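Structure, as structure tokens:
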Amino acid sequence: MAGAGIMDLVAGKPVVIFSKSSCCMSHTVESLIRNFGANPIVYKLDQVSNGRQIERALLQLPGCQQSTPAVFIGQQFIGGNKEVNSLHLRNELVPLLISARAIWI
């Protein structure tokens, strides 16, 4: 699975998070996004059959330094915990979620 396969998984979905059940940062990002009322699609890479393949594909994306969490909003790769929290601190996360139609205010 290459980048195109990843894009197939995020196509048409406002928010997608690739995570692992053992990753506390994945849980933190998912909780933050859910607290705004979004309902992200979450792929737990340690619980899906092709998780390792997806993880390798994620690491090939420009700017992806670690495979989880990997967050897509509006089919655009946002990044991981650091990038999502940075958007939140700059008050840019909610407008991004609204423009992706993940939340309505």
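In the structure tokens, the first chain shown is A, the next is B, and so on; residue numbers restart at 1 for each chain, and ligands run from 1 in the order shown.
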Practice task
Write out as JSON, numbers by chain the residues lying within 9 Å of Ile6 in chain A, counting only C-alpha atoms and excluding same-chain residues fewer than 5 positions away.
Solution key: {"A": [1, 11, 54, 57, 58]}
Write out, as JSON lines, each residue of range 24-67 of chain A that has an atom at most 7 Å from range 77-84 of chain A, together with the closest pair of atoms and their distance in Å to one decimal, counting only C-alpha atoms, rows going by chain and rising number.
{"residue": "A:Met25", "atom": "CA", "partner": "A:Asn81", "partner_atom": "CA", "distance": 6.2}
{"residue": "A:Val29", "atom": "CA", "partner": "A:Asn81", "partner_atom": "CA", "distance": 6.0}
{"residue": "A:Cys64", "atom": "CA", "partner": "A:Gly79", "partner_atom": "CA", "distance": 6.4}
Just to be explicit: take each residue in the selection above, keep all heavy atoms, and write the result as a compact mmCIF listing (two decimals), in the first residue's frame.
# COMPACT_ATOMS: atom_id res chain seq x y z
N MET A 25 -0.52 9.07 22.92
CA MET A 25 -0.68 10.28 22.11
C MET A 25 -1.85 10.13 21.13
O MET A 25 -2.57 11.09 20.87
CB MET A 25 0.60 10.61 21.34
CG MET A 25 1.74 11.06 22.22
SD MET A 25 1.33 12.56 23.11
CE MET A 25 1.62 12.05 24.78
N VAL A 29 -5.07 12.73 21.05
CA VAL A 29 -5.54 13.42 19.84
C VAL A 29 -6.98 13.05 19.54
O VAL A 29 -7.80 13.92 19.22
CB VAL A 29 -4.61 13.10 18.65
CG1 VAL A 29 -5.25 13.49 17.33
CG2 VAL A 29 -3.28 13.79 18.81
N CYS A 64 5.67 13.02 7.69
CA CYS A 64 5.26 12.03 8.69
C CYS A 64 6.50 11.42 9.32
O CYS A 64 7.22 10.65 8.69
CB CYS A 64 4.39 10.94 8.05
SG CYS A 64 3.67 9.82 9.26
Handout entry: Coordinates-based distance that separates CA of Ala102 in chain A from CA of Val48 in chain A (Å, one decimal)
Key = 24.0 Å
Handout entry: A:Ser99, A:Asn85, A:Gln75, A:Ser26 ranked by distance to Asp8 in chain A, top pick (using only C-alpha atoms)
Key =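 So, comparing all the options, the nearest one is A:Gln75.
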Completion exercise
Shortest contact to Gly37 in chain A, candidates A:Leu89, A:Cys23, A:Leu97, A:Leu61, atoms counted only C-alpha atoms, goes to A:Leu97
Exercise for the section: Could you please write out, as a ChimeraX atom specification, every residue of range 41-105 of chain A that DSSP assigns to alpha helix (DSSP H)? Expected result: /A:51-59,81-89,93-99
Problem - DSSP-assigned strand (DSSP E or B) members of chain A, reported as number ranges by chain - result: A: 15-19, 41-44, 70-73, 76-79
Fill in the blank from the handout: With distances taken over only C-alpha atoms, the candidate from A:Gly63, A:Gly5, A:Gly74, A:Pro95 nearest Ile17 in chain A is A:Gly74
Practice task
Within 10 Å of Arg101 in chain A, counting only C-alpha atoms, which residues show up once you throw out same-chain ones fewer than 5 positions away? Write them as number ranges by chain, please.
Solution key: A: 13-15, 38, 73-74, 95-96
Please, could you write that set of residues out with N, CA, C and O atoms as a PDB file, in the first residue's frame?
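Below is the file that was written, selection.pdb:
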ATOM      1  N   LYS A  13     -14.077  11.130   4.007  1.00  0.00           N
ATOM      2  CA  LYS A  13     -14.260  11.135   5.460  1.00  0.00           C
ATOM      3  C   LYS A  13     -13.703  12.441   6.020  1.00  0.00           C
ATOM      4  O   LYS A  13     -12.569  12.798   5.727  1.00  0.00           O
ATOM      5  N   PRO A  14     -14.483  13.157   6.825  1.00  0.00           N
ATOM      6  CA  PRO A  14     -14.019  14.446   7.346  1.00  0.00           C
ATOM      7  C   PRO A  14     -12.754  14.340   8.214  1.00  0.00           C
ATOM      8  O   PRO A  14     -11.862  15.163   8.099  1.00  0.00           O
ATOM      9  N   VAL A  15     -12.701  13.339   9.090  1.00  0.00           N
ATOM     10  CA  VAL A  15     -11.547  13.175   9.982  1.00  0.00           C
ATOM     11  C   VAL A  15     -11.198  11.698  10.081  1.00  0.00           C
ATOM     12  O   VAL A  15     -12.058  10.864  10.365  1.00  0.00           O
ATOM     13  N   ALA A  38     -16.600  16.173  16.850  1.00  0.00           N
ATOM     14  CA  ALA A  38     -16.317  15.401  15.633  1.00  0.00           C
ATOM     15  C   ALA A  38     -16.359  13.908  15.958  1.00  0.00           C
ATOM     16  O   ALA A  38     -16.145  13.505  17.102  1.00  0.00           O
ATOM     17  N   ILE A  73      -7.529  15.604   8.151  1.00  0.00           N
ATOM     18  CA  ILE A  73      -8.758  16.397   8.274  1.00  0.00           C
ATOM     19  C   ILE A  73      -9.076  16.930   6.883  1.00  0.00           C
ATOM     20  O   ILE A  73      -8.237  17.565   6.252  1.00  0.00           O
ATOM     21  N   GLY A  74     -10.281  16.643   6.418  1.00  0.00           N
ATOM     22  CA  GLY A  74     -10.662  17.055   5.068  1.00  0.00           C
ATOM     23  C   GLY A  74      -9.771  16.431   4.014  1.00  0.00           C
ATOM     24  O   GLY A  74      -9.407  17.084   3.040  1.00  0.00           O
ATOM     25  N   PRO A  95     -11.776  25.777  13.172  1.00  0.00           N
ATOM     26  CA  PRO A  95     -12.122  26.180  11.799  1.00  0.00           C
ATOM     27  C   PRO A  95     -11.797  25.109  10.761  1.00  0.00           C
ATOM     28  O   PRO A  95     -12.539  24.937   9.794  1.00  0.00           O
ATOM     29  N   LEU A  96     -10.710  24.378  10.982  1.00  0.00           N
ATOM     30  CA  LEU A  96     -10.349  23.300  10.061  1.00  0.00           C
ATOM     31  C   LEU A  96     -11.393  22.185  10.110  1.00  0.00           C
ATOM     32  O   LEU A  96     -11.813  21.663   9.072  1.00  0.00           O
TER      33      LEU A  96
END
